[in-house]
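Trainee: Input work.cif, format and content: mmCIF, C-alpha atoms.
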```cif
data_coords
loop_
_atom_site.label_atom_id
_atom_site.label_comp_id
_atom_site.auth_asym_id
_atom_site.auth_seq_id
_atom_site.Cartn_x
_atom_site.Cartn_y
_atom_site.Cartn_z
CA MET A 1 8.65 16.72 12.35
CA VAL A 2 6.28 13.95 11.31
CA VAL A 3 6.86 10.60 9.62
CA VAL A 4 4.14 8.41 8.08
CA ALA A 5 5.00 4.69 8.00
CA LYS A 6 2.80 2.22 6.15
CA ILE A 7 3.14 -1.39 7.26
CA GLY A 8 2.29 -3.77 4.44
CA GLY A 9 0.32 -6.92 5.12
CA SER A 10 3.16 -9.09 3.81
CA LEU A 11 5.05 -8.11 6.97
CA LEU A 12 2.28 -9.22 9.32
CA THR A 13 1.72 -12.92 9.92
CA SER A 14 2.32 -13.42 13.66
CA ALA A 15 2.67 -11.76 17.06
CA HIS A 16 6.42 -11.68 16.48
CA ASP A 17 5.88 -9.63 13.31
CA TYR A 18 3.82 -7.03 15.14
CA MET A 19 6.53 -6.68 17.78
CA LYS A 20 9.15 -6.18 15.04
CA VAL A 21 7.00 -3.34 13.72
CA VAL A 22 6.86 -1.86 17.22
CA GLU A 23 10.67 -1.85 17.34
CA LYS A 24 10.75 0.09 14.07
CA ILE A 25 8.18 2.59 15.39
CA LYS A 26 10.28 3.07 18.54
CA GLU A 27 13.30 3.77 16.36
CA LEU A 28 11.42 6.33 14.25
CA ALA A 29 9.87 7.97 17.30
CA ARG A 30 13.28 8.89 18.72
CA GLU A 31 13.48 11.71 16.18
CA ASP A 32 9.96 12.33 14.86
CA ASP A 33 6.28 12.09 15.59
CA VAL A 34 5.00 8.93 13.90
CA ILE A 35 1.73 8.10 12.19
CA VAL A 36 1.37 4.41 11.33
CA VAL A 37 -0.89 3.16 8.55
CA VAL A 38 -1.53 -0.58 8.90
CA SER A 39 -2.67 -3.17 6.40
CA ALA A 40 -4.54 -6.39 7.08
CA MET A 41 -2.42 -9.41 7.95
CA LYS A 42 -1.13 -11.37 4.98
CA GLY A 43 -3.90 -13.29 3.24
CA VAL A 44 -6.73 -12.02 5.44
CA THR A 45 -8.46 -9.83 2.85
CA SER A 46 -8.54 -12.77 0.42
CA LYS A 47 -10.11 -14.93 3.13
CA LEU A 48 -12.70 -12.25 3.83
CA ILE A 49 -13.58 -12.17 0.14
CA GLU A 50 -14.10 -15.94 0.26
CA THR A 51 -16.57 -15.61 3.13
CA LEU A 52 -18.91 -13.63 0.88
CA SER A 53 -19.59 -16.71 -1.25
CA SER A 54 -19.20 -19.30 1.48
CA GLU A 55 -21.97 -21.68 2.50
CA ASN A 56 -21.00 -21.07 6.12
CA PRO A 57 -19.64 -17.52 6.32
CA GLU A 58 -20.18 -17.25 10.08
CA ARG A 59 -17.89 -20.20 10.80
CA GLU A 60 -15.18 -18.79 8.51
CA LEU A 61 -15.46 -15.32 10.01
CA ARG A 62 -15.18 -16.74 13.52
CA GLU A 63 -12.01 -18.58 12.49
CA ILE A 64 -10.49 -15.36 11.12
CA PHE A 65 -11.40 -13.46 14.26
CA ALA A 66 -10.11 -16.26 16.52
CA LYS A 67 -6.68 -16.02 14.88
CA HIS A 68 -6.57 -12.27 15.49
CA ILE A 69 -7.61 -12.70 19.10
CA SER A 70 -4.86 -15.26 19.67
CA ILE A 71 -2.27 -12.82 18.30
CA LEU A 72 -3.75 -10.01 20.38
CA GLU A 73 -3.41 -12.15 23.51
CA ALA A 74 0.21 -12.86 22.62
CA VAL A 75 1.19 -9.19 22.28
CA SER A 76 -0.98 -7.56 24.95
CA PRO A 77 -0.41 -7.75 28.72
CA SER A 78 -4.12 -7.07 29.23
CA PRO A 79 -6.08 -7.88 26.08
CA GLU A 80 -9.60 -7.52 27.51
CA LYS A 81 -10.33 -4.17 25.85
CA GLY A 82 -9.09 -5.38 22.48
CA ILE A 83 -11.11 -8.58 22.71
CA ARG A 84 -14.26 -6.58 23.41
CA GLU A 85 -13.54 -4.39 20.38
CA MET A 86 -12.96 -7.42 18.18
CA SER A 87 -16.20 -9.01 19.38
CA LYS A 88 -18.11 -5.91 18.30
CA LEU A 89 -16.37 -6.02 14.93
CA LEU A 90 -17.41 -9.66 14.51
CA ASP A 91 -21.04 -8.69 15.02
CA GLU A 92 -20.59 -5.93 12.46
CA ALA A 93 -18.98 -8.33 10.00
CA LEU A 94 -21.86 -10.78 10.34
CA ASN A 95 -24.27 -7.93 9.71
CA GLY A 96 -22.19 -6.99 6.66
CA ILE A 97 -22.62 -10.52 5.32
CA ARG A 98 -26.37 -10.24 5.78
CA ARG A 99 -26.43 -6.87 3.99
CA PHE A 100 -24.36 -8.28 1.15
CA LYS A 101 -26.65 -11.29 0.77
CA ALA A 102 -29.62 -8.91 0.70
CA GLY A 103 -28.04 -6.96 -2.16
CA MET A 104 -27.08 -3.88 -0.16
CA ILE A 105 -24.18 -2.16 -1.86
CA ASP A 106 -22.18 -1.42 1.29
CA GLY A 107 -22.26 -4.93 2.79
CA LYS A 108 -19.15 -6.16 0.98
CA ASP A 109 -17.06 -3.19 2.12
CA ILE A 110 -18.08 -3.71 5.74
CA VAL A 111 -16.72 -7.25 5.54
CA LEU A 112 -13.56 -6.44 3.58
CA SER A 113 -12.61 -3.62 5.95
CA MET A 114 -12.28 -6.03 8.86
CA GLY A 115 -8.67 -7.07 8.19
CA GLU A 116 -7.32 -3.58 8.71
CA ARG A 117 -9.72 -2.77 11.53
CA LEU A 118 -8.55 -5.84 13.44
CA SER A 119 -4.89 -5.17 12.66
CA ILE A 120 -4.91 -1.67 14.20
CA ILE A 121 -6.17 -3.09 17.49
CA ILE A 122 -3.31 -5.59 17.64
CA LEU A 123 -0.65 -3.00 16.82
CA ARG A 124 -2.05 -0.49 19.31
CA GLU A 125 -1.86 -3.09 22.07
CA ALA A 126 1.63 -4.16 20.97
CA LEU A 127 2.73 -0.54 21.32
CA ARG A 128 1.19 -0.39 24.78
CA ARG A 129 3.25 -3.43 25.78
CA GLU A 130 6.34 -1.28 25.10
CA ASN A 131 4.87 1.67 27.02
CA ILE A 132 4.08 3.63 23.86
CA ARG A 133 0.72 5.36 23.87
CA GLY A 134 -1.19 4.59 20.68
CA VAL A 135 -4.72 5.20 19.47
CA SER A 136 -6.36 3.04 16.81
CA LEU A 137 -8.33 4.86 14.13
CA GLU A 138 -10.38 3.44 11.29
CA GLY A 139 -9.73 5.21 8.01
CA GLY A 140 -12.93 7.22 8.11
CA ILE A 141 -12.35 8.31 11.69
CA ALA A 142 -8.84 9.44 10.69
CA GLY A 143 -10.41 11.71 8.08
CA ILE A 144 -10.39 9.62 4.89
CA ILE A 145 -13.63 10.83 3.29
CA THR A 146 -14.48 9.09 0.01
CA ASP A 147 -17.05 8.94 -2.74
CA GLU A 148 -19.64 6.16 -2.82
CA GLU A 149 -17.88 3.82 -5.26
CA PHE A 150 -17.90 0.91 -2.83
CA GLY A 151 -15.04 -1.52 -3.34
CA ASN A 152 -12.95 1.05 -5.19
CA ALA A 153 -13.70 4.31 -3.43
CA LYS A 154 -11.71 7.44 -4.15
CA PRO A 155 -10.81 10.02 -1.51
CA ILE A 156 -12.50 13.40 -1.85
CA MET A 157 -9.40 15.57 -1.68
CA ASP A 158 -10.99 18.82 -0.53
CA GLU A 159 -12.76 17.03 2.31
CA CYS A 160 -9.65 15.09 3.33
CA MET A 161 -7.53 18.23 3.40
CA ARG A 162 -9.87 19.56 6.06
CA THR A 163 -10.60 16.44 8.11
CA ILE A 164 -7.19 14.70 8.27
CA PRO A 165 -5.32 17.55 10.00
CA SER A 166 -8.22 18.22 12.36
CA VAL A 167 -8.10 14.61 13.59
CA LEU A 168 -4.43 13.65 13.51
CA LEU A 169 -2.58 16.79 14.55
CA PRO A 170 -4.22 17.01 18.00
CA ILE A 171 -3.34 13.35 18.62
CA LEU A 172 0.30 13.98 17.73
CA GLY A 173 0.24 16.95 20.09
CA GLU A 174 -0.57 14.53 22.91
CA GLU A 175 2.60 12.51 22.17
CA THR A 176 0.45 9.64 20.97
CA VAL A 177 0.98 7.42 17.92
CA PRO A 178 -2.07 7.32 15.63
CA VAL A 179 -2.49 3.79 14.25
CA VAL A 180 -4.65 4.18 11.16
CA ALA A 181 -6.44 1.41 9.28
CA GLY A 182 -5.29 1.59 5.69
CA PHE A 183 -7.56 0.68 2.78
CA THR A 184 -10.64 2.01 4.59
CA GLY A 185 -12.59 5.24 4.44
CA VAL A 186 -16.09 6.53 4.96
CA THR A 187 -18.66 8.30 2.81
CA ARG A 188 -20.00 11.71 3.74
CA ASP A 189 -23.03 10.01 5.28
CA GLY A 190 -20.91 7.65 7.40
CA ARG A 191 -20.88 4.35 5.46
CA ILE A 192 -17.63 2.37 5.42
CA THR A 193 -15.82 2.13 2.09
CA THR A 194 -12.72 0.35 0.86
CA LEU A 195 -10.20 1.83 -1.57
CA GLY A 196 -9.36 -1.24 -3.64
CA ARG A 197 -6.34 -3.54 -3.59
CA GLY A 198 -3.21 -1.79 -2.38
CA GLY A 199 -5.36 0.87 -0.75
CA SER A 200 -3.13 1.21 2.30
CA ASP A 201 -0.46 2.79 0.10
CA LEU A 202 -3.01 5.40 -0.97
CA THR A 203 -4.07 6.00 2.65
CA ALA A 204 -0.47 6.63 3.70
CA SER A 205 0.34 8.82 0.71
CA LEU A 206 -2.80 10.89 1.26
CA ILE A 207 -2.13 11.48 4.95
CA ALA A 208 1.53 12.27 4.30
CA SER A 209 0.74 14.73 1.50
CA VAL A 210 -2.03 16.55 3.36
CA LEU A 211 0.13 16.95 6.48
CA ARG A 212 3.28 17.68 4.42
CA VAL A 213 5.32 15.34 6.58
CA ARG A 214 9.09 14.96 6.55
CA LEU A 215 9.09 11.38 5.34
CA LEU A 216 6.73 8.79 3.85
CA LEU A 217 7.81 5.19 4.37
CA LEU A 218 6.05 2.40 2.48
CA TYR A 219 7.29 -0.77 4.16
CA THR A 220 6.93 -4.17 2.50
CA ASP A 221 8.75 -7.50 2.34
CA VAL A 222 10.32 -6.61 -1.03
CA PRO A 223 13.58 -4.60 -1.03
CA GLY A 224 12.20 -1.69 -3.02
CA ILE A 225 11.34 -1.25 -6.69
CA MET A 226 13.09 -3.87 -8.80
CA THR A 227 14.09 -3.79 -12.46
CA GLY A 228 11.66 -6.62 -13.14
CA ASP A 229 9.66 -9.32 -11.46
CA PRO A 230 12.18 -11.93 -10.23
CA SER A 231 9.73 -14.64 -11.29
CA THR A 232 9.82 -13.30 -14.86
CA VAL A 233 13.37 -12.06 -15.45
CA ASN A 234 16.79 -13.21 -14.33
CA HIS A 235 18.97 -11.20 -11.94
CA ALA A 236 16.37 -8.54 -11.10
CA ARG A 237 17.91 -5.77 -9.02
CA THR A 238 16.65 -3.06 -6.70
CA ILE A 239 16.76 0.42 -8.23
CA PRO A 240 18.29 2.88 -5.73
CA ALA A 241 16.13 5.82 -6.84
CA VAL A 242 13.26 6.54 -9.23
CA GLY A 243 11.57 9.76 -10.21
CA LEU A 244 8.11 10.58 -8.88
CA GLU A 245 6.60 10.57 -12.37
CA GLU A 246 8.12 7.16 -13.00
CA ALA A 247 6.72 5.79 -9.73
CA ASP A 248 3.31 7.23 -10.63
CA ALA A 249 3.44 5.49 -14.02
CA MET A 250 4.31 2.18 -12.33
CA ALA A 251 1.26 2.55 -10.11
CA ARG A 252 -1.17 3.68 -12.82
CA LEU A 253 -0.11 0.91 -15.19
CA ARG A 254 -0.10 -1.71 -12.39
CA VAL A 255 3.50 -2.60 -13.19
CA LYS A 256 4.22 -2.73 -9.44
CA LYS A 257 1.90 -3.65 -6.59
CA PHE A 258 0.84 -0.13 -5.74
CA HIS A 259 -2.70 1.17 -5.69
CA PRO A 260 -3.03 3.02 -9.03
CA LEU A 261 -3.65 6.31 -7.21
CA THR A 262 -0.82 5.92 -4.68
CA PHE A 263 1.16 8.91 -5.88
CA MET A 264 -1.80 11.05 -6.93
CA PRO A 265 -1.93 13.10 -3.69
CA ILE A 266 1.80 13.79 -3.92
CA MET A 267 1.53 14.83 -7.56
CA ARG A 268 -1.39 17.12 -6.76
CA LEU A 269 -0.30 18.68 -3.46
CA LYS A 270 3.45 18.75 -4.18
CA PRO A 271 4.86 18.54 -0.63
CA ARG A 272 8.35 19.55 -1.77
CA ARG A 273 10.41 18.58 1.24
CA MET A 274 8.84 15.18 1.81
CA GLY A 275 11.14 12.21 1.32
CA ILE A 276 9.69 8.92 0.07
CA PHE A 277 11.12 5.46 0.70
CA ILE A 278 9.80 2.08 -0.45
CA GLY A 279 11.36 -1.05 0.98
CA THR A 280 11.99 -3.25 3.98
CA LEU A 281 12.07 -2.49 7.69
CA ASP A 282 15.85 -2.91 7.71
CA GLY A 283 16.33 -0.11 5.19
CA ARG A 284 16.81 -1.93 1.89
CA GLY A 285 14.82 -0.20 -0.80
CA THR A 286 14.23 2.61 -3.25
CA ARG A 287 13.95 6.37 -2.81
CA VAL A 288 11.36 8.27 -4.83
CA VAL A 289 12.67 11.70 -5.80
CA ARG A 290 11.29 14.67 -7.71
CA ARG A 291 14.14 15.00 -10.19
CA ARG A 292 15.14 12.75 -13.05
CA VAL A 293 17.71 10.17 -12.06
CA PRO A 294 19.55 7.59 -14.20
CA PRO A 295 19.13 5.27 -15.91
CA PRO A 296 16.66 6.57 -18.55
CA ILE A 297 14.70 3.30 -18.42
CA LYS A 298 14.35 1.40 -15.16
CA VAL A 299 11.64 -1.27 -15.11
CA VAL A 300 10.35 -3.77 -17.64
CA SER A 301 7.26 -5.91 -17.22
CA PRO A 302 5.09 -8.14 -19.43
CA ARG A 303 1.43 -7.22 -19.80
CA GLY A 304 -0.61 -9.57 -21.91
CA GLY A 305 0.99 -9.66 -25.34
CA GLU A 306 2.82 -6.39 -24.67
CA ILE A 307 5.85 -5.24 -22.70
CA VAL A 308 5.71 -2.15 -20.48
CA VAL A 309 8.92 -0.20 -19.96
CA ILE A 310 9.07 2.55 -17.33
CA GLY A 311 11.59 5.40 -17.47
CA HIS A 312 11.91 9.15 -17.85
CA ASP A 313 13.32 8.76 -21.38
CA PRO A 314 11.69 5.68 -22.91
CA SER A 315 12.76 6.84 -26.39
CA PHE A 316 16.10 5.27 -25.37
CA LEU A 317 14.42 1.97 -26.27
CA LEU A 318 14.75 2.87 -29.93
CA ASP A 319 18.50 2.34 -29.56
CA ILE A 320 17.96 -1.10 -27.98
CA VAL A 321 15.37 -2.81 -30.15
CA LYS A 322 16.66 -4.71 -33.16
CA PRO A 323 14.92 -4.66 -36.56
CA GLU A 324 14.63 -8.44 -36.59
CA TRP A 325 12.51 -8.32 -33.42
CA LYS A 326 9.73 -6.68 -35.47
CA VAL A 327 8.32 -4.65 -32.61
CA SER A 328 6.50 -1.34 -32.41
CA VAL A 329 7.30 1.12 -29.61
CA VAL A 330 4.54 3.55 -28.62
CA ALA A 331 3.87 6.24 -25.98
CA THR A 332 7.52 7.30 -25.73
CA GLU A 333 6.49 10.86 -24.80
CA GLU A 334 5.23 9.56 -21.42
CA PRO A 335 7.39 8.23 -18.55
CA TYR A 336 6.78 4.80 -20.06
CA ALA A 337 6.62 2.98 -23.37
CA ILE A 338 4.62 0.05 -24.66
CA VAL A 339 6.53 -2.48 -26.77
CA ARG A 340 4.42 -4.66 -29.03
CA PRO A 341 6.19 -7.63 -30.64
CA GLU A 342 4.72 -8.61 -33.98
CA ASN A 343 5.40 -12.23 -33.09
CA ALA A 344 4.06 -13.01 -29.60
CA THR A 345 6.39 -15.98 -29.26
CA ARG A 346 9.35 -13.59 -29.17
CA LYS A 347 7.97 -11.52 -26.29
CA MET A 348 10.19 -13.08 -23.61
CA GLU A 349 13.28 -12.76 -25.83
CA VAL A 350 12.58 -9.05 -26.26
CA LEU A 351 11.79 -8.59 -22.57
CA ASP A 352 15.03 -10.31 -21.51
CA ALA A 353 17.06 -8.15 -23.90
CA ILE A 354 15.53 -4.94 -22.57
CA HIS A 355 16.09 -6.08 -18.99
CA SER A 356 19.73 -6.90 -19.73
CA ALA A 357 20.16 -3.38 -21.14
CA ILE A 358 18.70 -1.88 -17.95
CA LEU A 359 21.07 -3.95 -15.79
CA LYS A 360 24.07 -2.71 -17.80
CA MET A 361 22.93 0.89 -17.34
CA ILE A 362 22.77 0.52 -13.57
CA GLY A 363 26.03 -1.38 -13.44
CA GLY A 364 24.68 -4.90 -13.00
#
```
Since I need it in another form, could you write the structure as structure tokens?
Mentor:
Amino acid sequence: MVVVAKIGGSLLTSAHDYMKVVEKIKELAREDDVIVVVSAMKGVTSKLIETLSSENPERELREIFAKHISILEAVSPSPEKGIREMSKLLDEALNGIRRFKAGMIDGKDIVLSMGERLSIIILREALRRENIRGVSLEGGIAGIITDEEFGNAKPIMDECMRTIPSVLLPILGEETVPVVAGFTGVTRDGRITTLGRGGSDLTASLIASVLRVRLLLLYTDVPGIMTGDPSTVNHARTIPAVGLEEADAMARLRVKKFHPLTFMPIMRLKPRRMGIFIGTLDGRGTRVVRRRVPPPIKVVSPRGGEIVVIGHDPSFLLDIVKPEWKVSVVATEEPYAIVRPENATRKMEVLDAIHSAILKMIGG
């Protein structure tokens, strides 16, 4: 059986972090073949964006690359190959800057793809340190074929259903761990694309759905899907399980930090036996299931002057809202509802009340 594990960038800040990931891969590999989808290290994509408008982008790029090389040297017993690969990527990044400055549409994506393309080299070498054979694959090489909407490219499903198995299954047959760069793809004519913020989730979901794997693991530093943003509501709690349609609504509405299309391949291809887990490396998190699970509403989040409530029965809100709140509740036929307070100053009062109701329903 096969497991796809996505490693979020929030988990990657140092050589020690990469070695912790290796320990998790070793654990998973005792029972299954493992495909790893890797994000850029924390903060790197933002720094790459800054280089595009910098007065001295070459200096800033060299600083970013130097940090990656230092981590590579810390995890690899013989880093020479990886350093050569990173040096070639630096040349490509500098060329991407030049293309961007010249107005070429693909230049930005070349630069922004570097975080993930560097990260897969480090993780591959960290695996080798533990005598695990790994092969690093950029998204396009792994079979992620996209349209030409640079910066927010969408996978071409029919193409991906053909290319992903043809690339990854033979590698698994060689008892090798594919280490795939999330967030990145390639157009039909070979130009690098990026999938937009959170794109590594989409990469992992796409690969898992096409291959109909046993388990999709989306690892992050947050213990799963929470009832609300802890910076916005008090006593936010992890929800043990959510329905697939609910998770899809959270992604599409940007209530949680998923790519908006994260669950699209699963919804379309319906790999029935695939389990889905979102959470930390130590197992704290949320399962995504295909059936409806309680409570009827699960997540509340502010959005501008509105409040978004996610749940399989958002009409339950009608029993919570009070007439004096003077709110309208719309879209209750979907796995979400939009609450619009007439008085914007009461938004947080309404949000807190809804969140308290959710906590009571889950026993908190």
Trainee: Please provide as a PyMOL selection string all residues within 7 Å of Leu61 (chain A), with the sequence filter that same-chain residues fewer than 4 positions apart are discarded (counting all atoms listed in the file).
Mentor: chain A and resi 51+57+65
Trainee: So what does the PyMOL selection byres ((chain A and resi 237) around 7) actually pick up in this one, as a CSV table (one decimal) with C-alpha atoms, keeping the file's coordinate frame?
Mentor:
```csv
chain,number,residue,atom,x,y,z
A,226,MET,CA,13.1,-3.9,-8.8
A,227,THR,CA,14.1,-3.8,-12.5
A,235,HIS,CA,19.0,-11.2,-11.9
A,236,ALA,CA,16.4,-8.5,-11.1
A,238,THR,CA,16.6,-3.1,-6.7
A,239,ILE,CA,16.8,0.4,-8.2
```
Trainee: Quick check on the file I pasted: which residues fall under the PyMOL selection byres ((chain A and resi 78-90) around 12)? Write them as a short mmCIF file (atom, residue, chain, number, x, y, z; two decimals) with C-alpha atoms, in the coordinates of the input.
Mentor:
```cif
data_model
loop_
_atom_site.label_atom_id
_atom_site.label_comp_id
_atom_site.auth_asym_id
_atom_site.auth_seq_id
_atom_site.Cartn_x
_atom_site.Cartn_y
_atom_site.Cartn_z
CA LEU A 48 -12.70 -12.25 3.83
CA PRO A 57 -19.64 -17.52 6.32
CA GLU A 58 -20.18 -17.25 10.08
CA ARG A 59 -17.89 -20.20 10.80
CA GLU A 60 -15.18 -18.79 8.51
CA LEU A 61 -15.46 -15.32 10.01
CA ARG A 62 -15.18 -16.74 13.52
CA GLU A 63 -12.01 -18.58 12.49
CA ILE A 64 -10.49 -15.36 11.12
CA PHE A 65 -11.40 -13.46 14.26
CA ALA A 66 -10.11 -16.26 16.52
CA LYS A 67 -6.68 -16.02 14.88
CA HIS A 68 -6.57 -12.27 15.49
CA ILE A 69 -7.61 -12.70 19.10
CA SER A 70 -4.86 -15.26 19.67
CA ILE A 71 -2.27 -12.82 18.30
CA LEU A 72 -3.75 -10.01 20.38
CA GLU A 73 -3.41 -12.15 23.51
CA ALA A 74 0.21 -12.86 22.62
CA VAL A 75 1.19 -9.19 22.28
CA SER A 76 -0.98 -7.56 24.95
CA PRO A 77 -0.41 -7.75 28.72
CA ASP A 91 -21.04 -8.69 15.02
CA GLU A 92 -20.59 -5.93 12.46
CA ALA A 93 -18.98 -8.33 10.00
CA LEU A 94 -21.86 -10.78 10.34
CA ASN A 95 -24.27 -7.93 9.71
CA GLY A 96 -22.19 -6.99 6.66
CA ILE A 97 -22.62 -10.52 5.32
CA ILE A 110 -18.08 -3.71 5.74
CA VAL A 111 -16.72 -7.25 5.54
CA LEU A 112 -13.56 -6.44 3.58
CA SER A 113 -12.61 -3.62 5.95
CA MET A 114 -12.28 -6.03 8.86
CA GLY A 115 -8.67 -7.07 8.19
CA GLU A 116 -7.32 -3.58 8.71
CA ARG A 117 -9.72 -2.77 11.53
CA LEU A 118 -8.55 -5.84 13.44
CA SER A 119 -4.89 -5.17 12.66
CA ILE A 120 -4.91 -1.67 14.20
CA ILE A 121 -6.17 -3.09 17.49
CA ILE A 122 -3.31 -5.59 17.64
CA LEU A 123 -0.65 -3.00 16.82
CA ARG A 124 -2.05 -0.49 19.31
CA GLU A 125 -1.86 -3.09 22.07
CA ALA A 126 1.63 -4.16 20.97
CA ARG A 128 1.19 -0.39 24.78
CA ARG A 129 3.25 -3.43 25.78
CA VAL A 135 -4.72 5.20 19.47
CA SER A 136 -6.36 3.04 16.81
CA GLU A 138 -10.38 3.44 11.29
#
```
Trainee: Determine the residue set returned by the PyMOL selection byres ((chain A and resi 352) around 10) for the present structure, and present it as a PDB file with C-alpha atoms, in the frame of the given file.
Mentor:
```pdb
ATOM      1  CA  GLY A 228      11.660  -6.620 -13.140  1.00  0.00           C
ATOM      2  CA  THR A 232       9.820 -13.300 -14.860  1.00  0.00           C
ATOM      3  CA  VAL A 233      13.370 -12.060 -15.450  1.00  0.00           C
ATOM      4  CA  ASN A 234      16.790 -13.210 -14.330  1.00  0.00           C
ATOM      5  CA  VAL A 300      10.350  -3.770 -17.640  1.00  0.00           C
ATOM      6  CA  SER A 301       7.260  -5.910 -17.220  1.00  0.00           C
ATOM      7  CA  LYS A 347       7.970 -11.520 -26.290  1.00  0.00           C
ATOM      8  CA  MET A 348      10.190 -13.080 -23.610  1.00  0.00           C
ATOM      9  CA  GLU A 349      13.280 -12.760 -25.830  1.00  0.00           C
ATOM     10  CA  VAL A 350      12.580  -9.050 -26.260  1.00  0.00           C
ATOM     11  CA  LEU A 351      11.790  -8.590 -22.570  1.00  0.00           C
ATOM     12  CA  ALA A 353      17.060  -8.150 -23.900  1.00  0.00           C
ATOM     13  CA  ILE A 354      15.530  -4.940 -22.570  1.00  0.00           C
ATOM     14  CA  HIS A 355      16.090  -6.080 -18.990  1.00  0.00           C
ATOM     15  CA  SER A 356      19.730  -6.900 -19.730  1.00  0.00           C
ATOM     16  CA  ALA A 357      20.160  -3.380 -21.140  1.00  0.00           C
ATOM     17  CA  ILE A 358      18.700  -1.880 -17.950  1.00  0.00           C
TER      18      ILE A 358
END
```
Trainee: Around (6.4, -2.3, 5.2) in the file's own coordinates, what residues are found within 10 Å if you use only C-alpha atoms, given back as a list of chain:residue names?
Mentor: A:Ala5, A:Lys6, A:Ile7, A:Gly8, A:Gly9, A:Ser10, A:Leu11, A:Leu12, A:Val21, A:Val37, A:Val38, A:Ser39, A:Asp201, A:Leu217, A:Leu218, A:Tyr219, A:Thr220, A:Asp221, A:Val222, A:Pro223, A:Ile278, A:Gly279, A:Thr280, A:Leu281, A:Asp282
Trainee: Please identify all polymer residues within 12 Å of Ile192 (chain A), counting all atoms listed in the file, omitting same-chain residues fewer than 5 positions from it, and present them as a PyMOL selection string.
Mentor: chain A and resi 92-93+96+105-114+117+138-141+144-153+181+183-187
Trainee: Find, counting all atoms listed in the file, the residue in A:Pro294, A:Val339, A:Val242, A:Arg197 that gets nearest to Ser46 (chain A).
Mentor: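 Checking each of A:Pro294, A:Val339, A:Val242, A:Arg197 against Ser46 (chain A), counting all atoms listed in the file, the winner is A:Arg197.
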Trainee: For a test of reading the model, state the distance in Å between CA of Ala241 (chain A) and CA of Val288 (chain A), rounded to one decimal.
Mentor: 5.7 Å
Trainee: Nearest residue to Arg272 (chain A) out of A:His312, A:Gly305, A:Asn56, A:Leu211, using only C-alpha atoms?
Mentor: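 Using only C-alpha atoms, Arg272 (chain A) sits closest to A:Leu211.
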Trainee: Could you jot down the CA of Met1 (chain A) to CA of Asp158 (chain A) separation for me, Å, one decimal place?
Mentor: 23.6 Å
Trainee: Report the distance between CA of Leu261 (chain A) and CA of Leu169 (chain A) in Å, rounded to one decimal place.
Mentor: 24.2 Å
Trainee: I'd like to know which of A:Met361, A:Asn343, A:Thr203, A:Lys20 is closest to Glu324 (chain A), using only C-alpha atoms.
Mentor: A:Asn343
